[in-house]
Structures are given as structure tokens and as C-alpha cells.
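So this one's query-v1.json, JSON, C-alpha atoms:
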```json
[["chain", "number", "residue", "atom", "x", "y", "z"],
["I", 6, "MET", "CA", -6.73, 31.08, -56.75],
["I", 7, "ALA", "CA", -7.19, 32.90, -60.01],
["I", 8, "SER", "CA", -4.32, 33.35, -62.44],
["I", 9, "PRO", "CA", -3.68, 34.71, -65.94],
["I", 10, "ALA", "CA", -5.72, 32.96, -68.61],
["I", 11, "SER", "CA", -2.77, 31.66, -70.60],
["I", 12, "PRO", "CA", -1.11, 28.38, -69.52],
["I", 13, "PRO", "CA", 1.90, 28.83, -67.23],
["I", 14, "THR", "CA", 5.40, 28.30, -68.51],
["I", 15, "ARG", "CA", 6.86, 25.10, -67.12],
["I", 16, "SER", "CA", 9.61, 25.73, -64.58],
["I", 17, "GLN", "CA", 11.04, 22.23, -64.33],
["I", 18, "THR", "CA", 11.98, 19.80, -67.09],
["I", 19, "ALA", "CA", 10.56, 16.32, -67.40],
["I", 20, "ASP", "CA", 13.95, 14.62, -67.15],
["I", 21, "LYS", "CA", 14.84, 15.99, -63.71],
["I", 22, "ALA", "CA", 15.47, 13.28, -61.09],
["I", 23, "PRO", "CA", 13.51, 13.60, -57.82],
["I", 24, "LEU", "CA", 15.40, 14.96, -54.81],
["I", 25, "PHE", "CA", 13.08, 14.00, -51.93],
["I", 26, "GLY", "CA", 14.53, 16.96, -50.07],
["I", 27, "ALA", "CA", 13.63, 20.28, -48.53],
["I", 28, "LEU", "CA", 14.99, 23.72, -47.72],
["I", 29, "VAL", "CA", 14.25, 25.40, -44.41],
["I", 30, "PRO", "CA", 15.05, 29.16, -44.39],
["I", 31, "TYR", "CA", 15.22, 30.83, -40.98],
["I", 32, "ARG", "CA", 16.17, 34.21, -39.51],
["I", 33, "GLN", "CA", 19.38, 33.88, -37.50],
["I", 34, "HIS", "CA", 21.93, 31.09, -37.75],
["I", 35, "THR", "CA", 21.47, 28.63, -34.91],
["I", 36, "GLU", "CA", 23.61, 25.61, -34.07],
["I", 37, "ILE", "CA", 21.73, 22.34, -34.50],
["I", 38, "LYS", "CA", 23.14, 19.71, -32.18],
["I", 39, "LEU", "CA", 22.54, 16.05, -32.91],
["I", 40, "THR", "CA", 21.17, 15.31, -29.46],
["I", 41, "GLN", "CA", 18.71, 18.21, -29.73],
["I", 42, "LEU", "CA", 17.65, 17.07, -33.17],
["I", 43, "ILE", "CA", 17.02, 13.52, -32.00],
["I", 44, "ALA", "CA", 15.01, 14.71, -29.02],
["I", 45, "THR", "CA", 12.89, 16.92, -31.28],
["I", 46, "LEU", "CA", 12.37, 14.09, -33.77],
["I", 47, "HIS", "CA", 11.15, 11.82, -31.00],
["I", 48, "GLY", "CA", 8.80, 14.58, -29.89],
["I", 49, "VAL", "CA", 7.30, 14.69, -33.38],
["I", 50, "ALA", "CA", 7.34, 10.93, -34.10],
["I", 51, "PRO", "CA", 7.95, 9.08, -30.82],
["I", 52, "SER", "CA", 8.30, 5.62, -32.35],
["I", 53, "CYS", "CA", 10.74, 6.48, -35.14],
["I", 54, "VAL", "CA", 14.09, 4.68, -35.08],
["I", 55, "ILE", "CA", 17.03, 7.04, -35.56],
["I", 56, "GLY", "CA", 20.57, 6.07, -36.50],
["I", 57, "ASP", "CA", 23.35, 6.72, -38.98],
["I", 58, "TRP", "CA", 23.70, 5.32, -42.50],
["I", 59, "SER", "CA", 24.82, 1.94, -41.15],
["I", 60, "GLY", "CA", 21.63, 1.49, -39.11],
["I", 61, "PRO", "CA", 20.15, 2.38, -35.71],
["I", 62, "PHE", "CA", 22.49, 3.82, -33.11],
["I", 63, "THR", "CA", 23.90, 1.06, -30.94],
["I", 64, "THR", "CA", 25.39, 3.46, -28.39],
["I", 65, "PRO", "CA", 24.04, 6.81, -27.17],
["I", 66, "PRO", "CA", 24.74, 9.35, -29.95],
["I", 67, "ALA", "CA", 26.99, 12.32, -29.20],
["I", 68, "ASP", "CA", 26.91, 15.78, -30.79],
["I", 69, "LYS", "CA", 30.37, 15.24, -32.27],
["I", 70, "LEU", "CA", 28.84, 12.77, -34.76],
["I", 71, "GLY", "CA", 27.18, 15.69, -36.53],
["I", 72, "THR", "CA", 24.07, 15.63, -38.71],
["I", 73, "GLY", "CA", 25.54, 14.68, -42.08],
["I", 74, "MET", "CA", 24.78, 10.96, -41.88],
["I", 75, "LEU", "CA", 21.40, 10.18, -40.32],
["I", 76, "SER", "CA", 18.70, 7.61, -40.83],
["I", 77, "ILE", "CA", 15.04, 7.61, -39.82],
["I", 78, "ASP", "CA", 13.33, 4.23, -39.90],
["I", 79, "GLY", "CA", 15.98, 3.01, -42.32],
["I", 80, "ALA", "CA", 15.86, 5.98, -44.74],
["I", 81, "ALA", "CA", 19.30, 7.60, -45.02],
["I", 82, "LEU", "CA", 19.46, 11.40, -44.94],
["I", 83, "SER", "CA", 21.79, 14.36, -44.57],
["I", 84, "LEU", "CA", 21.11, 17.64, -42.82],
["I", 85, "LEU", "CA", 23.29, 20.64, -43.63],
["I", 86, "ASN", "CA", 22.94, 23.85, -41.61],
["I", 87, "VAL", "CA", 24.15, 26.80, -43.72],
["I", 88, "ASN", "CA", 25.02, 30.22, -42.31],
["I", 89, "GLN", "CA", 23.86, 32.23, -45.33],
["I", 90, "PRO", "CA", 20.59, 33.11, -47.06],
["I", 91, "LEU", "CA", 19.20, 31.19, -49.99],
["I", 92, "PRO", "CA", 19.60, 32.60, -53.52],
["I", 93, "HIS", "CA", 16.62, 34.65, -54.67],
["I", 94, "GLN", "CA", 15.66, 32.21, -57.43],
["I", 95, "VAL", "CA", 14.69, 29.64, -54.80],
["I", 96, "PHE", "CA", 11.64, 31.77, -54.04],
["I", 97, "ASP", "CA", 10.42, 31.96, -57.65],
["I", 98, "VAL", "CA", 7.11, 30.10, -57.66],
["I", 99, "GLY", "CA", 6.33, 30.90, -61.29],
["I", 100, "ARG", "CA", 3.24, 32.54, -62.74],
["I", 101, "ILE", "CA", 0.77, 30.72, -60.54],
["I", 102, "PRO", "CA", 0.83, 31.75, -56.87],
["I", 103, "ASN", "CA", 1.42, 29.05, -54.30],
["I", 104, "ALA", "CA", -1.86, 28.33, -52.52],
["I", 105, "LEU", "CA", -0.25, 27.66, -49.13],
["I", 106, "LEU", "CA", 2.27, 30.51, -49.16],
["I", 107, "PRO", "CA", 1.66, 32.84, -52.11],
["I", 108, "ASP", "CA", 4.38, 35.38, -51.22],
["I", 109, "PRO", "CA", 7.42, 33.39, -50.00],
["I", 110, "ALA", "CA", 9.96, 35.96, -51.20],
["I", 111, "GLU", "CA", 8.28, 38.68, -49.13],
["I", 112, "ARG", "CA", 7.38, 36.54, -46.13],
["I", 113, "LEU", "CA", 10.88, 35.07, -45.84],
["I", 114, "ARG", "CA", 12.96, 38.06, -46.92],
["I", 115, "ASP", "CA", 14.52, 38.44, -43.45],
["I", 116, "HIS", "CA", 16.01, 34.94, -43.38],
["I", 117, "ARG", "CA", 19.79, 34.83, -42.95],
["I", 118, "ALA", "CA", 20.42, 31.07, -42.76],
["I", 119, "HIS", "CA", 18.91, 27.85, -44.03],
["I", 120, "VAL", "CA", 18.86, 24.09, -43.55],
["I", 121, "VAL", "CA", 19.19, 21.63, -46.42],
["I", 122, "VAL", "CA", 17.65, 18.18, -45.97],
["I", 123, "VAL", "CA", 18.36, 15.56, -48.65],
["I", 124, "LYS", "CA", 18.00, 11.82, -48.94],
["I", 125, "ALA", "CA", 21.04, 9.63, -49.50],
["I", 126, "GLY", "CA", 20.88, 7.12, -52.32],
["I", 127, "LYS", "CA", 18.15, 6.54, -54.86],
["I", 128, "PRO", "CA", 14.93, 4.95, -53.61],
["I", 129, "VAL", "CA", 13.51, 2.29, -55.92],
["I", 130, "GLY", "CA", 9.76, 2.03, -56.22],
["I", 131, "ARG", "CA", 6.90, 4.02, -54.77],
["I", 132, "ALA", "CA", 7.07, 2.53, -51.25],
["I", 133, "ALA", "CA", 10.76, 3.41, -50.90],
["I", 134, "SER", "CA", 10.14, 6.87, -52.35],
["I", 135, "ILE", "CA", 7.37, 7.56, -49.86],
["I", 136, "ALA", "CA", 9.59, 6.31, -47.01],
["I", 137, "ALA", "CA", 12.38, 8.67, -48.13],
["I", 138, "ALA", "CA", 9.97, 11.59, -48.43],
["I", 139, "ARG", "CA", 8.45, 10.83, -45.02],
["I", 140, "ALA", "CA", 11.87, 10.75, -43.35],
["I", 141, "ALA", "CA", 12.98, 13.98, -45.03],
["I", 142, "THR", "CA", 9.78, 15.71, -43.98],
["I", 143, "LEU", "CA", 10.16, 14.61, -40.36],
["I", 144, "LEU", "CA", 13.77, 15.80, -40.30],
["I", 145, "SER", "CA", 12.76, 19.12, -41.89],
["I", 146, "CYS", "CA", 10.04, 19.57, -39.29],
["I", 147, "ALA", "CA", 12.50, 18.95, -36.44],
["I", 148, "ALA", "CA", 14.98, 21.41, -37.97],
["I", 149, "ALA", "CA", 12.23, 24.00, -38.39],
["I", 150, "ILE", "CA", 11.20, 23.65, -34.75],
["I", 151, "LEU", "CA", 14.78, 24.02, -33.51],
["I", 152, "THR", "CA", 15.50, 27.08, -35.65],
["I", 153, "GLY", "CA", 12.13, 28.79, -35.27],
["I", 154, "ALA", "CA", 11.56, 28.68, -39.03],
["I", 155, "GLU", "CA", 8.36, 30.05, -40.50],
["I", 156, "ALA", "CA", 8.20, 27.92, -43.64],
["I", 157, "PHE", "CA", 9.95, 25.24, -45.63],
["I", 158, "LYS", "CA", 10.16, 24.33, -49.31],
["I", 159, "TRP", "CA", 9.63, 20.84, -50.69],
["I", 160, "GLU", "CA", 11.89, 20.96, -53.72],
["I", 161, "ASP", "CA", 10.29, 18.38, -56.01],
["I", 162, "ALA", "CA", 7.02, 20.34, -56.05],
["I", 163, "ASN", "CA", 8.48, 23.88, -55.73],
["I", 164, "ASN", "CA", 6.09, 23.99, -52.80],
["I", 165, "PHE", "CA", 6.44, 26.45, -49.91],
["I", 166, "VAL", "CA", 4.60, 25.25, -46.81],
["I", 167, "PRO", "CA", 4.05, 27.10, -43.50],
["I", 168, "VAL", "CA", 5.73, 25.27, -40.63],
["I", 169, "SER", "CA", 2.42, 25.27, -38.75],
["I", 170, "LEU", "CA", 0.99, 23.05, -41.50],
["I", 171, "LEU", "CA", 4.19, 21.03, -41.63],
["I", 172, "GLN", "CA", 3.86, 20.27, -37.92],
["I", 173, "LEU", "CA", 0.27, 19.12, -38.50],
["I", 174, "SER", "CA", 1.49, 16.84, -41.29],
["I", 175, "ALA", "CA", 4.28, 15.56, -39.06],
["I", 176, "SER", "CA", 1.70, 14.27, -36.60],
["I", 177, "MET", "CA", 0.27, 12.18, -39.43],
["I", 178, "LEU", "CA", 3.79, 11.12, -40.41],
["I", 179, "ALA", "CA", 4.36, 9.61, -36.96],
["I", 180, "ARG", "CA", 3.04, 6.38, -38.46],
["I", 181, "ALA", "CA", 5.49, 4.43, -40.60],
["I", 182, "ASP", "CA", 3.05, 4.56, -43.53],
["I", 183, "GLY", "CA", 2.22, 8.24, -43.09],
["I", 184, "LEU", "CA", 1.95, 10.72, -45.96],
["I", 185, "SER", "CA", 2.38, 14.47, -46.20],
["I", 186, "VAL", "CA", 0.41, 15.33, -49.31],
["I", 187, "GLU", "CA", 0.24, 19.05, -48.43],
["I", 188, "ALA", "CA", 4.04, 19.22, -48.46],
["I", 189, "TRP", "CA", 4.86, 16.90, -51.35],
["I", 190, "VAL", "CA", 2.16, 17.96, -53.82],
["I", 191, "ARG", "CA", 1.63, 21.55, -54.87],
["I", 192, "VAL", "CA", -1.94, 22.37, -55.90],
["I", 193, "LEU", "CA", -2.23, 24.80, -58.82],
["I", 194, "ALA", "CA", -5.31, 26.63, -60.09],
["I", 195, "VAL", "CA", -6.15, 28.99, -62.94],
["I", 196, "ARG", "CA", -9.16, 30.60, -64.51],
["I", 197, "VAL", "CA", -9.14, 30.16, -68.28],
["I", 198, "GLU", "CA", -11.00, 31.73, -71.17],
["I", 199, "GLY", "CA", -14.71, 31.92, -70.51],
["I", 200, "GLY", "CA", -14.20, 32.14, -66.76],
["I", 201, "LYS", "CA", -14.02, 28.39, -66.23],
["I", 202, "GLY", "CA", -11.74, 27.02, -63.53],
["I", 203, "MET", "CA", -8.95, 24.44, -63.65],
["I", 204, "ALA", "CA", -6.87, 22.87, -60.89],
["I", 205, "GLY", "CA", -4.04, 20.38, -60.86],
["I", 206, "SER", "CA", -1.08, 18.92, -59.03],
["I", 207, "TYR", "CA", 2.67, 19.18, -59.24],
["I", 208, "GLY", "CA", 4.87, 16.75, -57.33],
["I", 209, "LEU", "CA", 3.32, 13.34, -57.90],
["I", 210, "TRP", "CA", 5.88, 12.77, -60.66],
["I", 211, "ALA", "CA", 8.57, 12.23, -57.99],
["I", 212, "PHE", "CA", 6.71, 9.10, -56.84],
["I", 213, "GLY", "CA", 6.36, 7.66, -60.35],
["I", 214, "LEU", "CA", 2.77, 8.85, -60.69],
["I", 215, "PRO", "CA", 1.01, 11.02, -63.26],
["I", 216, "GLU", "CA", -0.09, 14.48, -62.20],
["I", 217, "ILE", "CA", -3.76, 15.30, -61.69],
["I", 218, "GLU", "CA", -5.56, 18.04, -63.60],
["I", 219, "PHE", "CA", -9.22, 18.93, -63.62],
["I", 220, "ALA", "CA", -10.34, 20.09, -67.06],
["I", 221, "PRO", "CA", -12.05, 23.51, -67.35],
["I", 222, "SER", "CA", -15.50, 23.49, -65.78],
["I", 223, "GLU", "CA", -18.03, 25.66, -63.98],
["I", 224, "LEU", "CA", -17.19, 23.98, -60.66],
["I", 225, "PRO", "CA", -15.73, 26.37, -58.04],
["I", 226, "ILE", "CA", -11.95, 26.62, -57.97],
["I", 227, "PRO", "CA", -11.72, 25.95, -54.17],
["I", 228, "TYR", "CA", -13.69, 22.74, -54.76],
["I", 229, "LEU", "CA", -11.35, 21.67, -57.57],
["I", 230, "MET", "CA", -8.28, 22.43, -55.46],
["I", 231, "SER", "CA", -9.52, 20.38, -52.53],
["I", 232, "ARG", "CA", -10.34, 17.48, -54.85],
["I", 233, "THR", "CA", -6.90, 17.68, -56.41],
["I", 234, "HIS", "CA", -5.50, 17.08, -52.94],
["I", 235, "MET", "CA", -7.97, 14.24, -52.35],
["I", 236, "VAL", "CA", -7.15, 12.40, -55.59],
["I", 237, "SER", "CA", -3.41, 12.91, -55.02],
["I", 238, "ASP", "CA", -3.75, 11.30, -51.61],
["I", 239, "PHE", "CA", -5.64, 8.40, -53.18],
["I", 240, "LEU", "CA", -2.96, 7.84, -55.81],
["I", 241, "LEU", "CA", -0.17, 7.84, -53.22],
["I", 242, "ARG", "CA", -2.00, 5.37, -50.99],
["I", 243, "SER", "CA", -3.62, 3.03, -53.47],
["I", 244, "THR", "CA", -2.37, 0.18, -55.61],
["I", 245, "ARG", "CA", -5.63, 0.35, -57.55],
["I", 246, "PRO", "CA", -4.89, 2.24, -60.77],
["I", 247, "ILE", "CA", -7.03, 4.96, -62.28],
["I", 248, "ALA", "CA", -6.77, 4.42, -66.02],
["I", 249, "ASN", "CA", -7.79, 6.04, -69.27],
["I", 250, "GLY", "CA", -11.54, 5.75, -69.81],
["I", 251, "HIS", "CA", -12.40, 5.24, -66.15],
["I", 252, "THR", "CA", -14.87, 7.41, -64.36],
["I", 253, "ILE", "CA", -14.17, 8.50, -60.84],
["I", 254, "ASP", "CA", -16.46, 9.89, -58.17],
["I", 255, "VAL", "CA", -14.10, 11.79, -55.89],
["I", 256, "ASP", "CA", -16.53, 12.68, -53.13],
["I", 257, "GLY", "CA", -19.96, 11.13, -53.68],
["I", 258, "GLU", "CA", -21.16, 14.31, -55.41],
["I", 259, "ASN", "CA", -19.51, 14.71, -58.80],
["I", 260, "VAL", "CA", -18.29, 12.22, -61.40],
["I", 261, "PHE", "CA", -15.34, 12.85, -63.70],
["I", 262, "LYS", "CA", -14.13, 10.97, -66.76],
["I", 263, "VAL", "CA", -10.40, 10.16, -66.82],
["I", 264, "GLU", "CA", -8.19, 10.75, -69.84],
["I", 265, "THR", "CA", -4.44, 10.14, -69.89],
["I", 266, "VAL", "CA", -2.41, 12.90, -71.56],
["I", 267, "GLU", "CA", 1.31, 12.92, -72.32],
["I", 268, "ARG", "CA", 1.72, 16.61, -71.42],
["I", 269, "GLY", "CA", -0.40, 18.20, -68.75],
["I", 270, "PHE", "CA", -1.67, 21.78, -68.75],
["I", 271, "PHE", "CA", 0.38, 22.74, -65.68],
["I", 272, "THR", "CA", 3.56, 20.77, -66.46],
["I", 273, "ALA", "CA", 5.20, 18.96, -69.35],
["I", 274, "ARG", "CA", 4.76, 15.66, -67.53],
["I", 275, "PRO", "CA", 2.11, 12.96, -68.07],
["I", 276, "ALA", "CA", -1.18, 13.65, -66.34],
["I", 277, "LEU", "CA", -4.63, 12.26, -65.67],
["I", 278, "ARG", "CA", -7.14, 14.80, -66.94],
["I", 279, "LEU", "CA", -10.46, 14.64, -65.10],
["I", 280, "SER", "CA", -13.40, 16.07, -67.04],
["I", 281, "TRP", "CA", -16.61, 16.77, -65.16],
["I", 282, "LEU", "CA", -19.57, 14.68, -66.31],
["I", 283, "ALA", "CA", -22.34, 15.32, -63.80],
["I", 284, "ALA", "CA", -23.47, 14.88, -60.24],
["I", 285, "SER", "CA", -23.98, 11.15, -59.75],
["I", 286, "PRO", "CA", -23.90, 8.28, -57.24],
["I", 287, "ARG", "CA", -20.47, 7.05, -56.19],
["I", 288, "HIS", "CA", -18.74, 5.13, -58.96],
["I", 289, "LEU", "CA", -15.20, 4.11, -59.87],
["I", 290, "GLY", "CA", -14.52, 1.93, -62.87],
["I", 291, "PRO", "CA", -14.56, 1.78, -66.68],
["I", 292, "ALA", "CA", -16.85, 4.34, -68.26],
["I", 293, "LYS", "CA", -20.07, 2.92, -69.66],
["I", 294, "SER", "CA", -20.65, 3.25, -73.36]]
```
Is it possible to give me this structure as C-alpha cells?
Amino acid sequence: MASPASPPTRSQTADKAPLFGALVPYRQHTEIKLTQLIATLHGVAPSCVIGDWSGPFTTPPADKLGTGMLSIDGAALSLLNVNQPLPHQVFDVGRIPNALLPDPAERLRDHRAHVVVVKAGKPVGRAASIAAARAATLLSCAAAILTGAEAFKWEDANNFVPVSLLQLSASMLARADGLSVEAWVRVLAVRVEGGKGMAGSYGLWAFGLPEIEFAPSELPIPYLMSRTHMVSDFLLRSTRPIANGHTIDVDGENVFKVETVERGFFTARPALRLSWLAASPRHLGPAKS
């Protein structure tokens, strides 16, 4: 997606704590019963263990328990169903359109209610953060199905995602180690002076990781966007670091040199800047002198 040539203004500050939560706007307020929610969750992720904040349910849950204190595979969450629309600023995606849902304010203008999904407590470490994000995404998906929602917003990436894609991600989240990169990481792209393209991520910061940004090059923007997603997925899954001075072949076709920067182009956060070197055989390791 093309965008104005000048760098975007950052919309979130570097000292903000991650929320690992989502907003689900929908048209008409609908009661969400606990038993319905659990049944829907098991439809999305059959093996997930559901309970309250003290652990798995030991007796059959009743609707009177509500949805304010839930847990999915040990990750504690709250679901709040609000009978009013979201404030307009929630739909401000900044100067760069959202690749997955570029017009959320227009597409969702008829919503009259919304669901808030938030984690309880502060996860420590990447594994716990991913578990919290996975649980929140599963719960958001179940809420979206029950309310007939069209889209949801992952707050830490200011990322609006169609529910159809969220449901596809939920099938991957059925596994305890599942990821939802499309939801958690927003892919940004611009065309800068000289017509060269850039792409990068926003959202990896919540998992203690640097953002990804591809330096200006002649490579097609759709290619750079897809590789931003690919490298983000790698960083979330891998314990093998990509460090300053490494080269990385993201797809067996093109090699990029890695440089660590304190402030990325797309955000004020630290980033790994990937500069295109050339087409080359697959390689990952320190750059040769």
C-alpha cells in the first residue's frame, strides 16, 4: 500500500505497557452467556481448558458466574460486553492505511455495542506473553462469532482485522503453541522519495522484540509486506536471535543485511532494519567481510 512520502507520525509512545487485549465492535447489543461462550470456544479450540482465575472449572459452569473472570489454558482474562459504541478515536489508524482493513471507521460505523477482552495480570517473558495473546485472541474470536461481529482490533498493534481472518487464525491457535501474527502484528508500507518501497511491523514490541523494517529498495511493496509477516513469525517462534551485522535470507530468493536501530522509521521503538543486498542462496549468519 502506498502512502505519503514523509515518515508517519508515531501514534503510540515507547513507554506504553502492552495490553494483550482486543476490542470487538458489533451492530446490536447481544447478551453473551458464559455457557454459550464456552461452547463456542470449544468449537474454535476443542482441546483448550477453560476455567476461572483460580483454575479449570471443577463443576459445570453456570451463566450466573458471568464472563469477568475466565481462564483459557491457564491465562487469566476478562470479557466485558458494553451496550454502547466505541469512541471515534479508536478507529484512527494514523497516516498509513491498515492493510487488512483500511477503512475501519467507515466499515464499522453502524456498530452500536462492543466487547472488551483483556488479560489479567502481567505476563513475564515471551512465552507467557504469547500465551496471554493466544488466549485473548481465542476469546475475542468466540465473542465475535456470538455477536456476528465483522472485525476486531488488536490494541497493541492498532490493528483492525476482519473476523473471517481472525477465525482462520483461531484454527491455528487451537494448538497450545499457536500464533496469530496477522492479528498481533500490523504490517505497514510506504513509498518514499524516488519511488522506492518500505515495509515494516508494529506490534512485536509487546512481546519484547524489536520491530522489523525493510529499508527503501526497488523490491515490490507486496513482496516486502509479505516478508515482514514472515520475519515477524520467525521472531515470535524462534529463540535464535537475529543480530546486528547478520545477513538473512527470508525466502531463498533475496538476502538482506541486518542493522539494529534505536528508533525505527514507522515507530519510535527499536527495530531491525533489513537492507536488500542481492538475490543469493539461502544464508543466515554473520555478514562476511
- From I:Ala140, I:Leu224, I:Ile247, I:Leu193, residue lying nearest Lys262 in chain I [all atoms listed in the file]: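 Of all the options, I:Ile247 lies closest to Lys262 in chain I.
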With range 26-47 of chain I as the partner and 9 Å as the cut-off, tabulate the residues of range 102-172 of chain I that qualify, each row holding the nearest pair of atoms and their distance in Å to one decimal, using only C-alpha atoms, sorted by chain and rising number, as a tab-separated table.
```
residue	atom	partner	partner_atom	distance
I:Leu113	CA	I:Pro30	CA	7.4
I:Arg114	CA	I:Arg32	CA	8.9
I:Asp115	CA	I:Arg32	CA	6.0
I:His116	CA	I:Arg32	CA	3.9
I:Arg117	CA	I:Arg32	CA	5.0
I:Ala118	CA	I:His34	CA	5.2
I:His119	CA	I:Pro30	CA	4.1
I:Val120	CA	I:Val29	CA	4.9
I:Val121	CA	I:Leu28	CA	4.9
I:Val122	CA	I:Ala27	CA	5.2
I:Val123	CA	I:Gly26	CA	4.3
I:Lys124	CA	I:Gly26	CA	6.3
I:Ala137	CA	I:Gly26	CA	8.8
I:Ala138	CA	I:Gly26	CA	7.2
I:Ala141	CA	I:Gly26	CA	6.1
I:Thr142	CA	I:Ala27	CA	7.5
I:Leu143	CA	I:Leu46	CA	7.0
I:Leu144	CA	I:Leu46	CA	6.9
I:Ser145	CA	I:Ala27	CA	6.8
I:Cys146	CA	I:Leu46	CA	8.1
I:Ala147	CA	I:Leu46	CA	5.5
I:Ala148	CA	I:Leu42	CA	7.0
I:Ala149	CA	I:Val29	CA	6.5
I:Ile150	CA	I:Thr45	CA	7.8
I:Leu151	CA	I:Ile37	CA	7.2
I:Thr152	CA	I:Thr35	CA	6.2
I:Gly153	CA	I:Tyr31	CA	6.8
I:Ala154	CA	I:Tyr31	CA	4.7
I:Glu155	CA	I:Tyr31	CA	6.9
I:Ala156	CA	I:Val29	CA	6.6
I:Phe157	CA	I:Val29	CA	4.5
I:Lys158	CA	I:Leu28	CA	5.1
I:Trp159	CA	I:Ala27	CA	4.6
I:Glu160	CA	I:Ala27	CA	5.5
I:Asp161	CA	I:Gly26	CA	7.4
```
- Please identify all polymer residues within 12 Å of Asn249 in chain I, counting all atoms listed in the file, omitting same-chain residues fewer than 4 positions from it, and present them as a PyMOL selection string. chain I and resi 215+253+261-267+276-280+290-292
- Would you mind telling me which residue in I:Arg180, I:Lys201, I:Arg245, I:Arg112 lies nearest to Pro167 in chain I when using only C-alpha atoms?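 Of I:Arg180, I:Lys201, I:Arg245, I:Arg112, the one nearest Pro167 in chain I, counting only C-alpha atoms, is I:Arg112.
Taking CA of Pro275 in chain I and CA of Trp210 in chain I as endpoints, the distance between them is 8.3 Å.
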- Message: Just the number, please: distance in Å from CA of Met74 in chain I to CA of Gln89 in chain I, one decimal.
- Response: 21.6 Å
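You can rank I:Gly99, I:Pro246, I:Pro65, I:Pro221 by their closest distance to Glu198 in chain I using all atoms listed in the file, and at the top of that list sits I:Pro221.
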- Item | Selected residue, from I:Leu229, I:Ala220, I:Ala175, I:Ala283, that lies nearest to Val49 in chain I when counting all atoms listed in the file |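 Checking each of I:Leu229, I:Ala220, I:Ala175, I:Ala283 against Val49 in chain I, counting all atoms listed in the file, the winner is I:Ala175.
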- Message: List as a VMD selection string the protein and nucleic acid residues near Ala110 in chain I, meaning an atom at most 12 Å away when all atoms listed in the file are counted, but skip any in the same chain fewer than 6 places from it.
- Response: chain I and resid 30 90 to 99 102 to 103 116 156 158 165
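Nearest residue to Leu82 in chain I among I:Leu24, I:Ala50, I:Leu106, I:Ala248 is I:Leu24, counting only C-alpha atoms.
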